[in-house]
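Shown below: work.csv, with CSV, C-alpha atoms.
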chain,number,residue,atom,x,y,z
A,1,MET,CA,42.9,-18.6,8.7
A,2,ALA,CA,39.8,-17.6,6.6
A,3,LEU,CA,39.6,-17.9,2.9
A,4,ILE,CA,39.2,-14.2,2.6
A,5,ASP,CA,40.5,-11.9,5.3
A,6,ILE,CA,39.8,-8.2,5.8
A,7,ASN,CA,42.7,-6.3,7.3
A,8,TRP,CA,40.8,-4.4,10.0
A,9,LYS,CA,43.9,-2.5,11.0
A,10,PRO,CA,45.6,-1.7,7.7
A,11,PRO,CA,49.0,0.0,7.7
A,12,SER,CA,49.4,3.6,6.5
A,13,HIS,CA,50.8,2.7,3.1
A,14,GLN,CA,47.8,0.5,2.4
A,15,LEU,CA,45.4,3.2,3.4
A,16,ARG,CA,47.3,5.7,1.2
A,17,GLN,CA,47.0,3.2,-1.8
A,18,PHE,CA,43.3,2.9,-1.0
A,19,ALA,CA,42.9,6.7,-0.9
A,20,VAL,CA,44.5,7.1,-4.3
A,21,ALA,CA,42.4,4.2,-5.8
A,22,PHE,CA,39.3,5.7,-4.3
A,23,ALA,CA,40.0,9.1,-5.7
A,24,VAL,CA,40.7,7.8,-9.2
A,25,PHE,CA,37.7,5.5,-9.3
A,26,PHE,CA,35.1,8.0,-8.0
A,27,THR,CA,36.5,10.8,-10.1
A,28,GLY,CA,36.2,8.6,-13.2
A,29,LEU,CA,32.7,7.6,-12.1
A,30,ALA,CA,31.8,11.3,-11.7
A,31,VAL,CA,33.1,12.1,-15.2
A,32,TYR,CA,31.2,9.1,-16.7
A,33,PHE,CA,28.0,10.1,-15.0
A,34,HIS,CA,28.3,13.7,-16.1
A,35,TYR,CA,29.5,13.3,-19.7
A,36,GLY,CA,28.4,9.7,-20.5
A,37,ARG,CA,25.0,9.7,-18.8
A,38,ASN,CA,24.2,13.4,-18.9
A,39,LEU,CA,23.3,13.5,-15.2
A,40,PRO,CA,23.2,16.9,-13.6
A,41,PHE,CA,26.4,18.5,-12.5
A,42,THR,CA,25.3,18.2,-8.8
A,43,THR,CA,25.3,14.4,-8.9
A,44,ALA,CA,28.7,14.2,-10.5
A,45,GLY,CA,30.0,17.1,-8.4
A,46,ILE,CA,29.1,15.3,-5.2
A,47,LEU,CA,30.9,12.2,-6.4
A,48,ALA,CA,33.9,14.3,-7.5
A,49,CYS,CA,34.0,16.2,-4.2
A,50,GLY,CA,33.8,13.0,-2.2
A,51,ALA,CA,36.6,11.5,-4.2
A,52,ILE,CA,38.8,14.6,-3.8
A,53,VAL,CA,38.1,14.9,0.0
A,54,VAL,CA,38.6,11.2,0.8
A,55,GLY,CA,41.6,10.9,-1.6
A,56,GLY,CA,43.3,14.1,-0.4
A,57,VAL,CA,42.8,13.5,3.3
A,58,GLY,CA,43.7,9.8,2.9
A,59,PHE,CA,46.9,10.7,1.0
A,60,LEU,CA,48.0,13.3,3.5
A,61,HIS,CA,46.9,11.6,6.7
A,62,PRO,CA,45.9,8.0,6.1
A,63,PRO,CA,44.5,7.1,9.6
A,64,PHE,CA,41.5,9.5,9.0
A,65,ILE,CA,40.1,7.3,6.2
A,66,ARG,CA,40.4,4.0,8.1
A,67,PRO,CA,36.6,3.9,8.7
A,68,VAL,CA,35.9,4.4,5.0
A,69,TYR,CA,38.3,1.6,4.2
A,70,VAL,CA,36.8,-0.8,6.7
A,71,VAL,CA,33.2,-0.1,5.6
A,72,MET,CA,34.1,-0.5,1.9
A,73,MET,CA,36.0,-3.7,2.5
A,74,ALA,CA,33.2,-5.1,4.7
A,75,ALA,CA,30.7,-4.3,1.9
A,76,ALA,CA,32.9,-5.8,-0.8
A,77,LEU,CA,33.5,-9.1,1.1
A,78,PRO,CA,30.1,-10.7,0.6
A,79,ILE,CA,30.0,-9.4,-3.0
A,80,GLY,CA,33.4,-11.1,-3.7
A,81,MET,CA,32.4,-14.3,-2.1
A,82,VAL,CA,29.1,-14.6,-4.1
A,83,LEU,CA,30.9,-13.6,-7.4
A,84,SER,CA,33.6,-16.1,-6.8
A,85,VAL,CA,31.1,-18.9,-6.3
A,86,VAL,CA,29.1,-17.8,-9.3
A,87,LEU,CA,32.2,-17.6,-11.6
A,88,LEU,CA,33.5,-20.9,-10.5
A,89,GLY,CA,30.1,-22.5,-11.1
A,90,LEU,CA,30.0,-21.0,-14.6
A,91,VAL,CA,33.5,-22.2,-15.4
A,92,TYR,CA,32.7,-25.7,-14.1
A,93,PHE,CA,29.3,-26.2,-15.5
A,94,GLY,CA,29.8,-24.1,-18.7
A,95,ILE,CA,33.3,-25.3,-19.7
A,96,LEU,CA,34.5,-28.3,-17.8
A,97,THR,CA,31.3,-30.3,-17.8
A,98,PRO,CA,30.6,-30.1,-21.5
A,99,ILE,CA,34.2,-31.1,-22.2
A,100,GLY,CA,33.9,-34.1,-19.9
A,101,LEU,CA,30.6,-35.1,-21.5
A,102,LEU,CA,32.0,-34.8,-25.0
A,103,ARG,CA,35.1,-36.9,-24.0
A,104,ARG,CA,32.8,-39.5,-22.5
A,105,ALA,CA,30.6,-39.6,-25.6
A,106,LEU,CA,33.7,-40.1,-27.7
A,107,GLY,CA,34.9,-42.9,-25.5
A,108,LYS,CA,38.0,-41.2,-24.1
A,109,ASN,CA,39.3,-41.9,-20.7
A,110,ALA,CA,42.3,-40.0,-19.5
A,111,MET,CA,42.6,-41.9,-16.2
A,112,ALA,CA,43.3,-45.4,-17.3
A,113,PRO,CA,42.7,-47.9,-20.1
A,114,ARG,CA,39.4,-49.8,-20.2
A,115,PRO,CA,39.1,-52.7,-17.8
A,116,ASP,CA,40.3,-56.0,-19.1
A,117,PRO,CA,38.2,-58.9,-17.7
A,118,ASP,CA,41.0,-61.4,-18.6
A,119,ALA,CA,43.7,-59.6,-16.7
A,120,GLU,CA,45.1,-61.2,-13.6
A,121,THR,CA,46.1,-57.9,-12.1
A,122,TYR,CA,46.3,-54.2,-13.0
A,123,TRP,CA,49.6,-53.8,-11.2
A,124,THR,CA,52.2,-52.0,-13.2
A,125,ARG,CA,55.8,-53.3,-12.7
A,126,ARG,CA,58.3,-50.6,-12.0
A,127,ALA,CA,62.1,-50.7,-11.9
A,128,PRO,CA,63.5,-50.3,-8.4
A,129,PRO,CA,65.2,-47.0,-7.8
A,130,ALA,CA,68.9,-46.8,-8.4
A,131,LYS,CA,69.6,-45.2,-5.0
A,132,PRO,CA,66.9,-45.0,-2.3
A,133,GLY,CA,68.7,-42.1,-0.7
A,134,ARG,CA,67.5,-39.9,-3.6
A,135,TYR,CA,64.1,-39.7,-2.0
A,136,PHE,CA,65.5,-37.5,0.6
A,137,ARG,CA,66.8,-35.0,-2.0
A,138,GLN,CA,63.8,-34.5,-4.3
A,139,TYR,CA,64.9,-31.3,-5.8

Take the structure in the file and give it back as structure tokens.
Amino acid sequence: MALIDINWKPPSHQLRQFAVAFAVFFTGLAVYFHYGRNLPFTTAGILACGAIVVGGVGFLHPPFIRPVYVVMMAAALPIGMVLSVVLLGLVYFGILTPIGLLRRALGKNAMAPRPDPDAETYWTRRAPPAKPGRYFRQY
């Protein structure tokens, strides 16, 4: 099992959801380009027509838009993998590392107390369990 899987043979309801999402996204993109960026109507019209055609055909007969779905998912896979690594790196090195360095500078150690050179052992005595059978019923 891979970390991220593409469903190469999606069911009809998933293709229908993709068609609706495709139509909404690309219609919104066409409106943004026309009104927000003042691009010519032809550019926005091509986007809007593509959104309406793919969305309409996909909603009425989902198997027809399977190639569009597969191409878009294959294009989104490497983008998602790179972005996930970049975002995880930013969180780790931008948030967790400074917190760890600050705690180390302040002398905090969440794992254990400082080593005691005079201690015979670091073993912590625990009371025996009341009934060993409880290990078989953890919840």

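Taking all atoms listed in the file into account, Pro67 of chain A lies nearest to A:Phe18 out of the set A:Phe18, A:Arg125, A:Gly133, A:Val86.
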
- Query: atom CA of Ile4 of chain A and atom CA of Ala74 of chain A, how far apart in Å?
  - Reply: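 Between these atoms lies a distance of 11.1 Å.
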
What box, with edges along x, y and z, holds each listed atom of segment 48-61 of chain A when 5 Å is added on every side, and can you state its centre and edge lengths in Å to one decimal, as lines of an AutoDock Vina configuration file?
center_x = 40.9
center_y = 13.0
center_z = -0.4
size_x = 24.2
size_y = 16.4
size_z = 24.2
